[in-house]
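The data block below is protein-v4.cif; it holds mmCIF, C-alpha atoms and all ligand atoms.
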data_protein
loop_
_atom_site.label_atom_id
_atom_site.label_comp_id
_atom_site.auth_asym_id
_atom_site.auth_seq_id
_atom_site.Cartn_x
_atom_site.Cartn_y
_atom_site.Cartn_z
CA MET A 27 54.35 114.12 121.69
CA ALA A 28 55.68 113.63 125.22
CA THR A 29 56.36 116.66 127.38
CA MET A 30 57.68 116.68 130.91
CA ASP A 31 54.10 117.07 132.16
CA THR A 32 52.72 114.12 130.23
CA ILE A 33 55.34 111.62 131.43
CA LYS A 34 53.52 109.12 133.62
CA VAL A 35 55.21 108.58 136.98
CA THR A 36 54.67 105.46 139.09
CA LYS A 37 56.38 106.03 142.43
CA ALA A 38 58.33 103.37 144.32
CA SER A 39 56.46 102.29 147.44
CA THR A 40 59.53 102.90 149.63
CA SER A 41 62.77 104.82 149.01
CA ARG A 42 66.20 103.15 149.38
CA ARG A 43 67.84 106.58 149.83
CA GLY A 44 68.11 106.26 153.63
CA ASN A 45 70.12 103.01 153.33
CA VAL A 46 72.92 104.57 151.25
CA ASP A 47 76.11 105.92 152.87
CA PHE A 48 76.91 108.97 150.69
CA SER A 49 80.39 109.27 152.22
CA LYS A 50 81.41 105.91 150.71
CA LEU A 51 80.00 105.99 147.18
CA ALA A 52 81.80 103.75 144.72
CA PHE A 53 81.34 104.65 141.04
CA GLY A 54 78.19 103.24 139.46
CA LYS A 55 77.23 100.76 142.15
CA VAL A 56 74.16 102.41 143.67
CA PHE A 57 71.06 103.42 141.73
CA THR A 58 68.22 105.75 142.62
CA ASP A 59 64.60 104.76 143.24
CA HIS A 60 63.29 105.31 139.69
CA MET A 61 64.15 104.87 136.00
CA LEU A 62 62.77 106.17 132.72
CA VAL A 63 61.61 103.78 129.99
CA ALA A 64 60.41 104.45 126.43
CA GLU A 65 59.69 101.94 123.66
CA TYR A 66 60.17 102.28 119.90
CA ALA A 67 58.00 100.17 117.56
CA ASN A 68 56.31 100.53 114.16
CA GLY A 69 58.55 103.47 113.30
CA ALA A 70 57.63 105.65 116.29
CA TRP A 71 58.45 106.27 119.94
CA GLY A 72 55.73 105.64 122.53
CA LEU A 73 55.22 107.82 125.59
CA PRO A 74 58.04 107.53 128.14
CA GLU A 75 57.24 106.44 131.68
CA ILE A 76 59.02 106.75 135.01
CA VAL A 77 58.74 103.59 137.07
CA PRO A 78 60.41 102.13 140.18
CA TYR A 79 64.03 101.06 139.49
CA GLY A 80 64.27 97.31 138.99
CA PRO A 81 65.13 94.36 136.74
CA ILE A 82 63.87 94.13 133.17
CA CYS A 83 62.90 90.86 131.53
CA PHE A 84 63.85 89.80 127.97
CA ASP A 85 63.68 86.87 125.59
CA PRO A 86 67.03 85.04 125.15
CA SER A 87 66.91 85.87 121.42
CA MET A 88 66.90 89.65 122.07
CA ALA A 89 69.06 91.17 119.32
CA THR A 90 71.28 93.30 121.61
CA LEU A 91 72.56 90.26 123.48
CA HIS A 92 73.88 88.75 120.26
CA TYR A 93 74.83 91.59 117.94
CA GLY A 94 75.49 94.50 120.29
CA GLN A 95 73.21 97.09 118.71
CA THR A 96 73.26 99.36 121.74
CA ILE A 97 74.52 102.83 122.66
CA PHE A 98 74.77 104.92 125.82
CA GLU A 99 75.73 108.27 127.29
CA GLY A 100 77.27 109.48 130.55
CA ILE A 101 76.29 112.86 132.01
CA LYS A 102 76.54 114.44 135.45
CA GLY A 103 74.04 116.41 137.50
CA TYR A 104 75.07 118.62 140.41
CA ARG A 105 73.66 120.50 143.35
CA LEU A 106 74.53 124.18 142.81
CA ALA A 107 75.63 126.59 145.54
CA ASP A 108 72.12 128.12 145.58
CA GLY A 109 70.59 124.71 146.35
CA THR A 110 69.07 124.13 142.90
CA ALA A 111 69.92 121.11 140.73
CA ALA A 112 71.47 121.36 137.26
CA VAL A 113 72.97 119.09 134.61
CA PHE A 114 76.28 119.80 132.81
CA ARG A 115 75.86 120.30 129.03
CA PRO A 116 73.19 117.60 128.47
CA GLU A 117 72.35 118.93 124.97
CA ASP A 118 75.84 117.96 123.84
CA ASN A 119 75.32 114.41 125.09
CA PHE A 120 71.91 114.37 123.44
CA LYS A 121 73.44 115.28 120.08
CA ARG A 122 76.26 112.75 120.49
CA PHE A 123 73.71 110.07 121.43
CA ASN A 124 71.88 110.53 118.16
CA ARG A 125 75.17 110.59 116.21
CA SER A 126 75.92 107.21 117.80
CA ALA A 127 72.37 106.04 116.99
CA ARG A 128 72.78 106.84 113.28
CA ARG A 129 76.12 105.02 113.06
CA MET A 130 74.54 101.96 114.68
CA GLU A 131 71.47 102.13 112.39
CA MET A 132 69.17 102.94 115.32
CA PRO A 133 66.37 105.54 115.45
CA ASP A 134 67.02 109.06 116.79
CA VAL A 135 65.60 109.64 120.25
CA PRO A 136 63.53 112.87 120.37
CA GLU A 137 64.66 115.71 122.60
CA GLU A 138 61.43 115.56 124.63
CA ILE A 139 62.20 111.99 125.64
CA PHE A 140 65.97 112.34 126.14
CA LEU A 141 66.20 115.78 127.77
CA GLY A 142 62.60 116.17 129.01
CA GLY A 143 62.61 112.63 130.42
CA MET A 144 65.99 113.19 132.07
CA LYS A 145 64.86 116.36 133.82
CA LYS A 146 61.65 114.78 135.02
CA LEU A 147 63.47 111.68 136.32
CA ILE A 148 65.99 113.85 138.21
CA GLN A 149 63.13 115.86 139.70
CA VAL A 150 61.55 112.65 140.96
CA ASP A 151 64.86 111.44 142.48
CA GLU A 152 66.27 114.87 143.39
CA SER A 153 67.06 113.90 146.98
CA TRP A 154 69.71 111.51 145.56
CA ILE A 155 71.96 114.30 144.21
CA PRO A 156 75.10 114.29 146.41
CA GLN A 157 76.34 117.56 147.92
CA ASP A 158 80.05 116.86 148.55
CA TYR A 159 83.00 118.14 146.50
CA ASP A 160 83.66 116.06 143.38
CA HIS A 161 80.47 114.04 143.95
CA ALA A 162 77.62 114.07 141.44
CA LEU A 163 74.54 112.33 140.15
CA TYR A 164 75.73 110.23 137.20
CA ILE A 165 73.07 110.02 134.50
CA ARG A 166 73.12 107.01 132.17
CA PRO A 167 70.79 107.18 129.13
CA PHE A 168 70.97 104.10 126.92
CA MET A 169 69.15 102.47 124.00
CA PHE A 170 69.20 98.87 122.86
CA ALA A 171 67.68 96.64 120.17
CA THR A 172 64.81 94.49 121.43
CA ASP A 173 63.74 92.42 118.40
CA GLU A 174 63.49 88.74 119.28
CA VAL A 175 65.25 87.17 116.34
CA ILE A 176 68.54 85.49 115.50
CA GLY A 177 69.95 87.19 112.41
CA VAL A 178 72.22 90.14 111.69
CA SER A 179 69.93 93.01 110.70
CA PRO A 180 68.84 96.26 112.34
CA SER A 181 66.18 95.71 114.97
CA THR A 182 62.72 97.16 114.33
CA THR A 183 62.06 97.69 118.05
CA TYR A 184 64.16 99.47 120.69
CA LYS A 185 64.06 100.42 124.33
CA PHE A 186 65.43 103.75 125.60
CA MET A 187 66.10 104.04 129.31
CA ILE A 188 67.69 106.43 131.79
CA ILE A 189 69.05 105.33 135.15
CA LEU A 190 70.75 107.51 137.79
CA SER A 191 73.61 106.76 140.15
CA PRO A 192 75.03 109.00 142.91
CA VAL A 193 78.83 108.89 142.56
CA GLY A 194 82.00 109.96 144.33
CA PRO A 195 85.37 110.86 142.70
CA TYR A 196 86.23 108.47 139.83
CA TYR A 197 90.01 108.21 139.91
CA ALA A 198 91.54 108.74 143.29
CA ALA A 199 95.21 108.76 142.26
CA PRO A 200 97.14 110.23 139.30
CA MET A 201 97.43 107.59 136.60
CA ARG A 202 100.27 105.47 135.31
CA ILE A 203 99.67 104.64 131.66
CA TYR A 204 101.60 103.23 128.72
CA VAL A 205 101.51 103.70 124.99
CA GLU A 206 99.67 100.75 123.41
CA GLU A 207 101.41 99.31 120.34
CA HIS A 208 99.58 96.04 119.87
CA PHE A 209 95.85 96.37 120.53
CA VAL A 210 93.64 98.85 118.66
CA ARG A 211 90.61 100.73 119.96
CA ALA A 212 89.23 102.12 116.70
CA ALA A 213 90.11 102.32 113.02
CA PRO A 214 89.11 104.92 110.41
CA GLY A 215 85.66 104.11 109.04
CA GLY A 216 84.80 102.16 112.21
CA VAL A 217 82.73 103.11 115.23
CA GLY A 218 85.31 104.91 117.40
CA TYR A 219 83.31 108.14 117.48
CA ALA A 220 80.15 106.33 118.61
CA LYS A 221 79.44 105.54 122.23
CA THR A 222 78.51 101.96 121.54
CA ALA A 223 78.99 98.99 123.86
CA GLY A 224 81.35 97.03 121.60
CA ASN A 225 84.05 99.70 121.87
CA TYR A 226 84.10 99.15 125.61
CA ALA A 227 83.86 95.36 125.46
CA ALA A 228 86.86 95.34 123.10
CA SER A 229 88.88 97.49 125.51
CA LEU A 230 88.49 95.14 128.49
CA HIS A 231 91.21 92.67 127.60
CA PRO A 232 93.86 95.30 126.71
CA ALA A 233 93.00 97.11 129.97
CA ALA A 234 93.36 93.86 131.93
CA VAL A 235 96.79 93.32 130.33
CA ALA A 236 97.73 96.87 131.36
CA ARG A 237 96.64 96.26 134.95
CA ALA A 238 98.57 92.98 135.07
CA ARG A 239 101.64 95.00 134.05
CA GLY A 240 101.01 97.42 136.93
CA TYR A 241 99.44 100.27 134.93
CA ASP A 242 96.08 102.00 135.37
CA GLN A 243 95.28 102.58 131.72
CA ILE A 244 96.43 102.49 128.12
CA LEU A 245 97.19 105.39 125.83
CA TRP A 246 95.61 104.22 122.58
CA THR A 247 97.43 104.92 119.32
CA ASP A 248 96.18 104.94 115.72
CA ALA A 249 95.26 101.63 114.10
CA ASN A 250 97.50 102.00 111.02
CA GLU A 251 100.92 102.72 112.52
CA HIS A 252 100.58 102.92 116.31
CA ARG A 253 102.33 106.26 115.95
CA TYR A 254 99.74 108.86 116.83
CA VAL A 255 98.00 109.53 120.14
CA GLN A 256 94.27 108.78 120.29
CA GLU A 257 92.68 108.69 123.76
CA CYS A 258 92.97 107.00 127.10
CA GLY A 259 90.40 104.70 128.72
CA THR A 260 87.18 106.69 128.92
CA MET A 261 88.96 110.02 128.53
CA ASN A 262 90.31 112.33 125.88
CA VAL A 263 93.92 113.27 126.46
CA PHE A 264 95.72 116.61 126.74
CA PHE A 265 99.37 117.60 127.02
CA VAL A 266 100.97 120.90 128.01
CA LEU A 267 103.73 121.75 125.55
CA ASP A 268 105.64 125.04 125.94
CA GLY A 269 102.72 126.26 128.07
CA LYS A 270 100.27 125.52 125.25
CA LEU A 271 97.58 122.82 125.43
CA ILE A 272 97.61 120.16 122.70
CA THR A 273 95.11 117.36 122.06
CA PRO A 274 94.44 115.00 119.14
CA GLY A 275 92.02 116.34 116.51
CA LEU A 276 88.78 114.53 115.70
CA GLU A 277 89.07 114.24 111.88
CA SER A 278 89.88 110.53 111.87
CA GLY A 279 86.51 109.62 113.44
CA THR A 280 88.35 107.21 115.73
CA ILE A 281 88.12 109.30 118.91
CA LEU A 282 85.04 109.95 121.01
CA GLU A 283 84.18 113.66 120.84
CA GLY A 284 84.21 114.34 124.57
CA VAL A 285 82.02 116.99 126.16
CA THR A 286 84.72 117.50 128.79
CA ARG A 287 87.32 117.80 126.00
CA ASP A 288 85.35 120.65 124.45
CA SER A 289 84.89 122.25 127.88
CA VAL A 290 88.63 122.09 128.58
CA ILE A 291 89.37 123.70 125.21
CA LYS A 292 86.90 126.53 125.84
CA VAL A 293 87.99 127.18 129.44
CA ALA A 294 91.64 127.18 128.36
CA GLY A 295 90.73 129.78 125.72
CA ASP A 296 89.08 131.92 128.41
CA LEU A 297 92.30 131.69 130.45
CA GLY A 298 94.39 132.84 127.51
CA ILE A 299 96.02 129.42 127.12
CA ALA A 300 96.58 128.58 123.46
CA VAL A 301 95.04 125.26 122.38
CA GLU A 302 95.91 123.21 119.30
CA GLU A 303 94.01 120.20 118.01
CA LEU A 304 96.44 118.21 115.88
CA GLU A 305 98.01 114.88 115.09
CA ILE A 306 100.39 114.10 117.96
CA ALA A 307 103.13 111.55 117.29
CA VAL A 308 104.17 109.67 120.42
CA ASP A 309 107.85 109.87 119.49
CA GLU A 310 107.56 113.65 119.23
CA LEU A 311 106.09 113.68 122.75
CA SER A 312 109.16 111.74 123.88
CA ASP A 313 111.50 114.27 122.25
CA MET A 314 109.62 117.18 123.76
CA TYR A 315 109.73 115.54 127.16
CA ASN A 316 113.49 115.03 126.85
CA THR A 317 114.02 118.70 126.11
CA GLY A 318 111.81 119.80 129.02
CA ARG A 319 109.07 121.23 126.83
CA LEU A 320 106.35 118.74 127.82
CA THR A 321 105.30 119.60 131.35
CA GLU A 322 101.83 118.12 132.00
CA ALA A 323 99.60 115.32 130.78
CA PHE A 324 96.00 114.65 131.76
CA GLY A 325 92.82 112.89 130.74
CA ALA A 326 89.45 114.64 130.45
CA GLY A 327 86.09 112.89 130.72
CA THR A 328 82.74 113.09 132.47
CA ALA A 329 83.52 110.35 134.98
CA ALA A 330 86.88 111.71 136.13
CA THR A 331 86.57 115.36 134.94
CA ILE A 332 90.36 115.87 134.88
CA ALA A 333 92.65 112.95 135.74
CA LYS A 334 96.34 113.74 135.89
CA ILE A 335 98.85 111.39 134.33
CA ALA A 336 101.80 110.80 136.65
CA GLU A 337 103.67 108.43 134.37
CA LEU A 338 103.52 107.81 130.65
CA ARG A 339 105.61 104.95 129.35
CA ASN A 340 106.66 104.89 125.68
CA ARG A 341 108.57 101.63 125.16
CA GLU A 342 111.68 101.97 127.35
CA GLN A 343 111.16 105.62 128.12
CA VAL A 344 109.25 106.70 131.21
CA MET A 345 107.87 110.23 131.12
CA ALA A 346 107.17 111.29 134.69
CA PHE A 347 104.95 114.27 135.48
CA ASP A 348 104.64 115.76 138.95
CA PRO A 349 100.92 115.81 139.86
CA GLU A 350 101.70 118.42 142.52
CA ASN A 351 103.06 120.73 139.86
CA ALA A 352 100.37 120.75 137.17
CA PRO A 353 99.16 124.36 137.08
CA VAL A 354 97.24 124.09 133.80
CA ALA A 355 95.31 120.94 134.79
CA ASP A 356 94.66 122.37 138.27
CA ARG A 357 93.42 125.72 136.99
CA ILE A 358 91.09 124.17 134.39
CA LYS A 359 89.71 121.64 136.86
CA GLN A 360 89.13 124.41 139.39
CA ILE A 361 87.12 126.46 136.89
CA LEU A 362 85.10 123.48 135.65
CA THR A 363 84.34 122.56 139.26
CA GLU A 364 83.30 126.11 140.10
CA ILE A 365 80.97 126.19 137.08
CA ARG A 366 79.52 122.82 138.07
CA ASP A 367 79.02 123.90 141.67
CA GLY A 368 77.45 127.22 140.60
CA LYS A 369 80.27 129.22 142.23
CA THR A 370 81.39 131.15 139.16
CA VAL A 371 79.63 132.77 136.23
CA ASP A 372 78.39 130.18 133.76
CA LEU A 373 79.15 132.25 130.63
CA ARG A 374 77.89 129.69 128.14
CA GLY A 375 74.83 128.36 129.94
CA TRP A 376 76.45 124.95 130.41
CA MET A 377 74.51 124.20 133.60
CA VAL A 378 70.96 123.33 132.57
CA PRO A 379 68.48 123.63 135.46
CA VAL A 380 66.47 120.55 136.29
CA ALA A 381 63.42 122.44 137.52
C1 LIG B 401 86.13 106.38 124.91
C2 LIG B 401 85.85 107.67 125.58
N1 LIG B 401 86.59 108.75 125.27
C3 LIG B 401 86.37 109.96 125.82
C4 LIG B 401 85.37 110.13 126.77
C5 LIG B 401 85.13 111.48 127.36
O1 LIG B 401 83.89 112.00 126.93
P1 LIG B 401 83.03 112.97 127.85
O2 LIG B 401 83.90 114.09 128.23
O3 LIG B 401 81.89 113.38 127.01
O4 LIG B 401 82.63 112.16 129.03
C6 LIG B 401 84.60 109.01 127.15
C7 LIG B 401 83.53 109.15 128.14
O5 LIG B 401 82.40 109.32 127.82
C8 LIG B 401 84.83 107.76 126.53
O6 LIG B 401 84.10 106.70 126.86
#

Write-out of the structure in structure tokens:
Amino acid sequence: MATMDTIKVTKASTSRRGNVDFSKLAFGKVFTDHMLVAEYANGAWGLPEIVPYGPICFDPSMATLHYGQTIFEGIKGYRLADGTAAVFRPEDNFKRFNRSARRMEMPDVPEEIFLGGMKKLIQVDESWIPQDYDHALYIRPFMFATDEVIGVSPSTTYKFMIILSPVGPYYAAPMRIYVEEHFVRAAPGGVGYAKTAGNYAASLHPAAVARARGYDQILWTDANEHRYVQECGTMNVFFVLDGKLITPGLESGTILEGVTRDSVIKVAGDLGIAVEELEIAVDELSDMYNTGRLTEAFGAGTAATIAKIAELRNREQVMAFDPENAPVADRIKQILTEIRDGKTVDLRGWMVPVA
């Protein structure tokens, strides 16, 4: 079985780190010097290896390219105030990764490879972790089917990889979004709760339509009636109603169970803010807005952490929220940032040291 010490490391001959301007990092455009690779065949995982970052070569018949049997995760690593490096709640992403794997009929990835390999890879590329506020090392584990065959059946071989990307803030400005009543992200019994590529591919056209209409994102609604709030882009969504935080529950299996979502719920609890997970009808949101009870709206996800919603359009109604007056979102973001920067007590051991 692989352990962090048995992972073979082949170092890049030169580092590209010196060529990167860390003050101008776009999201997901720059990658570190190394990547982790592990292969699955004959019912077992081989030993993972860390090798120089670079292209990978495949047969045109590779199953993933045709049938989309592939899953991924998104995690962030930070430089703490004491100078050490730590990753935010990676065990939760590890568990979600294997939930996605099972739904997509793929093998579980062992903890030693996913978490042990991640730590070792970050150690090797530690100099790439940005220091600035709201910057991070984005960690992208992924697995894909590698059988070379045309035919719809689960692959018998897979590749698991981790790549790393230093990133700046994800969304610069508060978002303008509208309630989607035509396209559907996920239906009950489908793959909405899995972090699988097809969910994202299917969202590209609706998102392009939204952008053409001058909006940043869509607020997805349920597949049956387009009545109930689901999520927004790559974020779970929260509203502040009568000072209480509300967010859609996860029972339908159509929403991705966000690690940031869970963190927001727990931090809100610590702050004495009541939180309810429930079915939220869009028309009820409209009514609550009209009576002044709905005061904030924001998205929560690893990439953006907390992204405020400045405008939410429901048919003809525009719900405007003042991003400068969003005390709940601001307070929760501040605490999450302090935990991630190692500037406040990490009560739940969310920051997992890399060393
Ligand atoms: C569809 C979707 N919903 C919600 C989230 C938020 O999840 P997390 O907080 O774990 O990043 C993401 C991002 O991973 C996502 O892709």

Within 9 Å of ligand LIG 401 (chain B), counting only C-alpha atoms and all ligand atoms, which protein or nucleic acid residues do you find, written as number ranges by chain?
A: 99-101, 118-119, 122, 211, 218-221, 225-226, 257-263, 281-289, 325-331

Any idea what's packed within 8 Å of Lys270 of chain A, counting all atoms listed in the file, ignoring anything in its chain fewer than 2 positions away? Could you give it as a PyMOL selection string?
chain A and resi 266-268+272+299-302

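Atom CA of Thr110 of chain A is positioned 7.5 Å from atom CA of Pro379 of chain A.
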
Between A:Gln243, A:Ser312, A:Gln157, A:Thr96, which residue has the minimum interatomic distance to Ile335 of chain A, considering all atoms listed in the file?
A:Gln243

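One distance worth recording is that between atom CA of Ala294 of chain A and atom CA of Ala107 of chain A, which is 23.5 Å.
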
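Atom CA of Ala127 of chain A is positioned 22.7 Å from atom CA of Asp85 of chain A.
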
At most 6 Å from (87.8, 105.0, 111.1), file frame, all atoms listed in the file: which residues, as a PyMOL selection string?
chain A and resi 213-216+278-280

Report as CSV: every residue of segment 247-284 of chain A with an atom at most 10 Å from segment 206-209 of chain A, its closest pair of atoms, and their distance in Å to one decimal, counting only C-alpha atoms, with rows sorted by chain and ascending residue number.
residue,atom,partner,partner_atom,distance
A:Thr247,CA,A:Glu206,CA,6.3
A:Asp248,CA,A:Glu207,CA,9.0
A:Ala249,CA,A:Phe209,CA,8.3
A:Glu251,CA,A:Glu207,CA,8.5
A:His252,CA,A:Glu207,CA,5.5
A:Arg253,CA,A:Glu207,CA,8.3
A:Val255,CA,A:Glu206,CA,9.5
A:Cys258,CA,A:Glu206,CA,9.9

Segment 282-375 of chain A near segment 233-241 of chain A within 12 Å: what's each residue's closest atom pair and its distance in Å to one decimal, counting all atoms listed in the file, ordered by chain then ascending residue number, as CSV?
residue,atom,partner,partner_atom,distance
A:Ile335,CA,A:Tyr241,CA,11.2
A:Ala336,CA,A:Tyr241,CA,10.9
A:Glu337,CA,A:Tyr241,CA,9.2
A:Leu338,CA,A:Tyr241,CA,9.6
A:Arg339,CA,A:Tyr241,CA,9.5

How about saving the chosen residues, C-alpha atoms kept, as a PDB file, keeping the file's coordinate frame?
ATOM      1  CA  ILE A 335      98.850 111.390 134.330  1.00  0.00           C
ATOM      2  CA  ALA A 336     101.800 110.800 136.650  1.00  0.00           C
ATOM      3  CA  GLU A 337     103.670 108.430 134.370  1.00  0.00           C
ATOM      4  CA  LEU A 338     103.520 107.810 130.650  1.00  0.00           C
ATOM      5  CA  ARG A 339     105.610 104.950 129.350  1.00  0.00           C
TER       6      ARG A 339
END

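Taking all atoms listed in the file into account, Tyr104 of chain A lies nearest to A:Val193 out of the set A:Ile76, A:Ala171, A:Val35, A:Val193.
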
Compile the contact shell of segment 137-154 of chain A as an NGL selection string: residues with an atom at most 9 Å away, counting only C-alpha atoms, same-chain residues fewer than 3 positions apart removed.
:A and (27-31 or 33 or 35 or 37 or 43 or 58-64 or 71 or 73-76 or 103 or 111-113 or 116-117 or 120 or 163 or 165 or 167 or 186-192 or 379-381)

Nearest to Phe53 of chain A, restricted to only C-alpha atoms and choosing among A:Met201, A:Met132, A:Ile155, A:Ala162, comes out as A:Ala162

As a CSV table (one decimal), in the frame of the given file, please: segment 296-323 of chain A completed to N, CA and C atoms.
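To be explicit, this is the file written out as selection_10.csv:
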chain,number,residue,atom,x,y,z
A,296,ASP,N,89.5,130.8,127.5
A,296,ASP,CA,89.1,131.9,128.4
A,296,ASP,C,90.3,132.4,129.3
A,297,LEU,N,91.1,131.4,129.6
A,297,LEU,CA,92.3,131.7,130.4
A,297,LEU,C,93.5,132.2,129.7
A,298,GLY,N,93.3,132.3,128.3
A,298,GLY,CA,94.4,132.8,127.5
A,298,GLY,C,95.4,131.8,127.2
A,299,ILE,N,95.1,130.5,127.4
A,299,ILE,CA,96.0,129.4,127.1
A,299,ILE,C,95.7,129.0,125.7
A,300,ALA,N,96.8,129.0,124.9
A,300,ALA,CA,96.6,128.6,123.5
A,300,ALA,C,96.3,127.1,123.4
A,301,VAL,N,95.4,126.7,122.5
A,301,VAL,CA,95.0,125.3,122.4
A,301,VAL,C,95.2,124.9,120.9
A,302,GLU,N,95.8,123.7,120.7
A,302,GLU,CA,95.9,123.2,119.3
A,302,GLU,C,95.4,121.8,119.2
A,303,GLU,N,94.5,121.6,118.3
A,303,GLU,CA,94.0,120.2,118.0
A,303,GLU,C,94.8,119.7,116.8
A,304,LEU,N,95.6,118.6,117.0
A,304,LEU,CA,96.4,118.2,115.9
A,304,LEU,C,96.8,116.8,116.0
A,305,GLU,N,97.5,116.2,115.0
A,305,GLU,CA,98.0,114.9,115.1
A,305,GLU,C,99.2,114.9,116.0
A,306,ILE,N,99.3,114.1,117.0
A,306,ILE,CA,100.4,114.1,118.0
A,306,ILE,C,101.1,112.8,117.9
A,307,ALA,N,102.3,112.8,117.4
A,307,ALA,CA,103.1,111.6,117.3
A,307,ALA,C,103.7,111.3,118.7
A,308,VAL,N,103.7,110.0,119.1
A,308,VAL,CA,104.2,109.7,120.4
A,308,VAL,C,105.7,110.0,120.5
A,309,ASP,N,106.4,109.7,119.4
A,309,ASP,CA,107.8,109.9,119.5
A,309,ASP,C,108.2,111.4,119.6
A,310,GLU,N,107.3,112.2,119.0
A,310,GLU,CA,107.6,113.6,119.2
A,310,GLU,C,107.3,114.0,120.7
A,311,LEU,N,106.3,113.4,121.3
A,311,LEU,CA,106.1,113.7,122.8
A,311,LEU,C,107.4,113.3,123.5
A,312,SER,N,107.9,112.2,123.2
A,312,SER,CA,109.2,111.7,123.9
A,312,SER,C,110.3,112.8,123.7
A,313,ASP,N,110.5,113.3,122.5
A,313,ASP,CA,111.5,114.3,122.2
A,313,ASP,C,111.2,115.5,123.1
A,314,MET,N,110.0,115.9,123.0
A,314,MET,CA,109.6,117.2,123.8
A,314,MET,C,109.8,117.0,125.3
A,315,TYR,N,109.5,115.8,125.7
A,315,TYR,CA,109.7,115.5,127.2
A,315,TYR,C,111.2,115.7,127.5
A,316,ASN,N,112.0,115.0,126.6
A,316,ASN,CA,113.5,115.0,126.8
A,316,ASN,C,114.1,116.4,126.9
A,317,THR,N,113.5,117.3,126.1
A,317,THR,CA,114.0,118.7,126.1
A,317,THR,C,113.3,119.6,127.1
A,318,GLY,N,112.5,119.0,128.0
A,318,GLY,CA,111.8,119.8,129.0
A,318,GLY,C,110.6,120.6,128.6
A,319,ARG,N,110.2,120.4,127.3
A,319,ARG,CA,109.1,121.2,126.8
A,319,ARG,C,107.7,120.7,127.2
A,320,LEU,N,107.6,119.4,127.5
A,320,LEU,CA,106.4,118.7,127.8
A,320,LEU,C,106.2,118.7,129.3
A,321,THR,N,105.3,119.4,129.9
A,321,THR,CA,105.3,119.6,131.4
A,321,THR,C,104.1,119.0,132.1
A,322,GLU,N,103.0,118.7,131.3
A,322,GLU,CA,101.8,118.1,132.0
A,322,GLU,C,101.1,117.2,131.0
A,323,ALA,N,100.4,116.2,131.6
A,323,ALA,CA,99.6,115.3,130.8
A,323,ALA,C,98.4,115.0,131.6
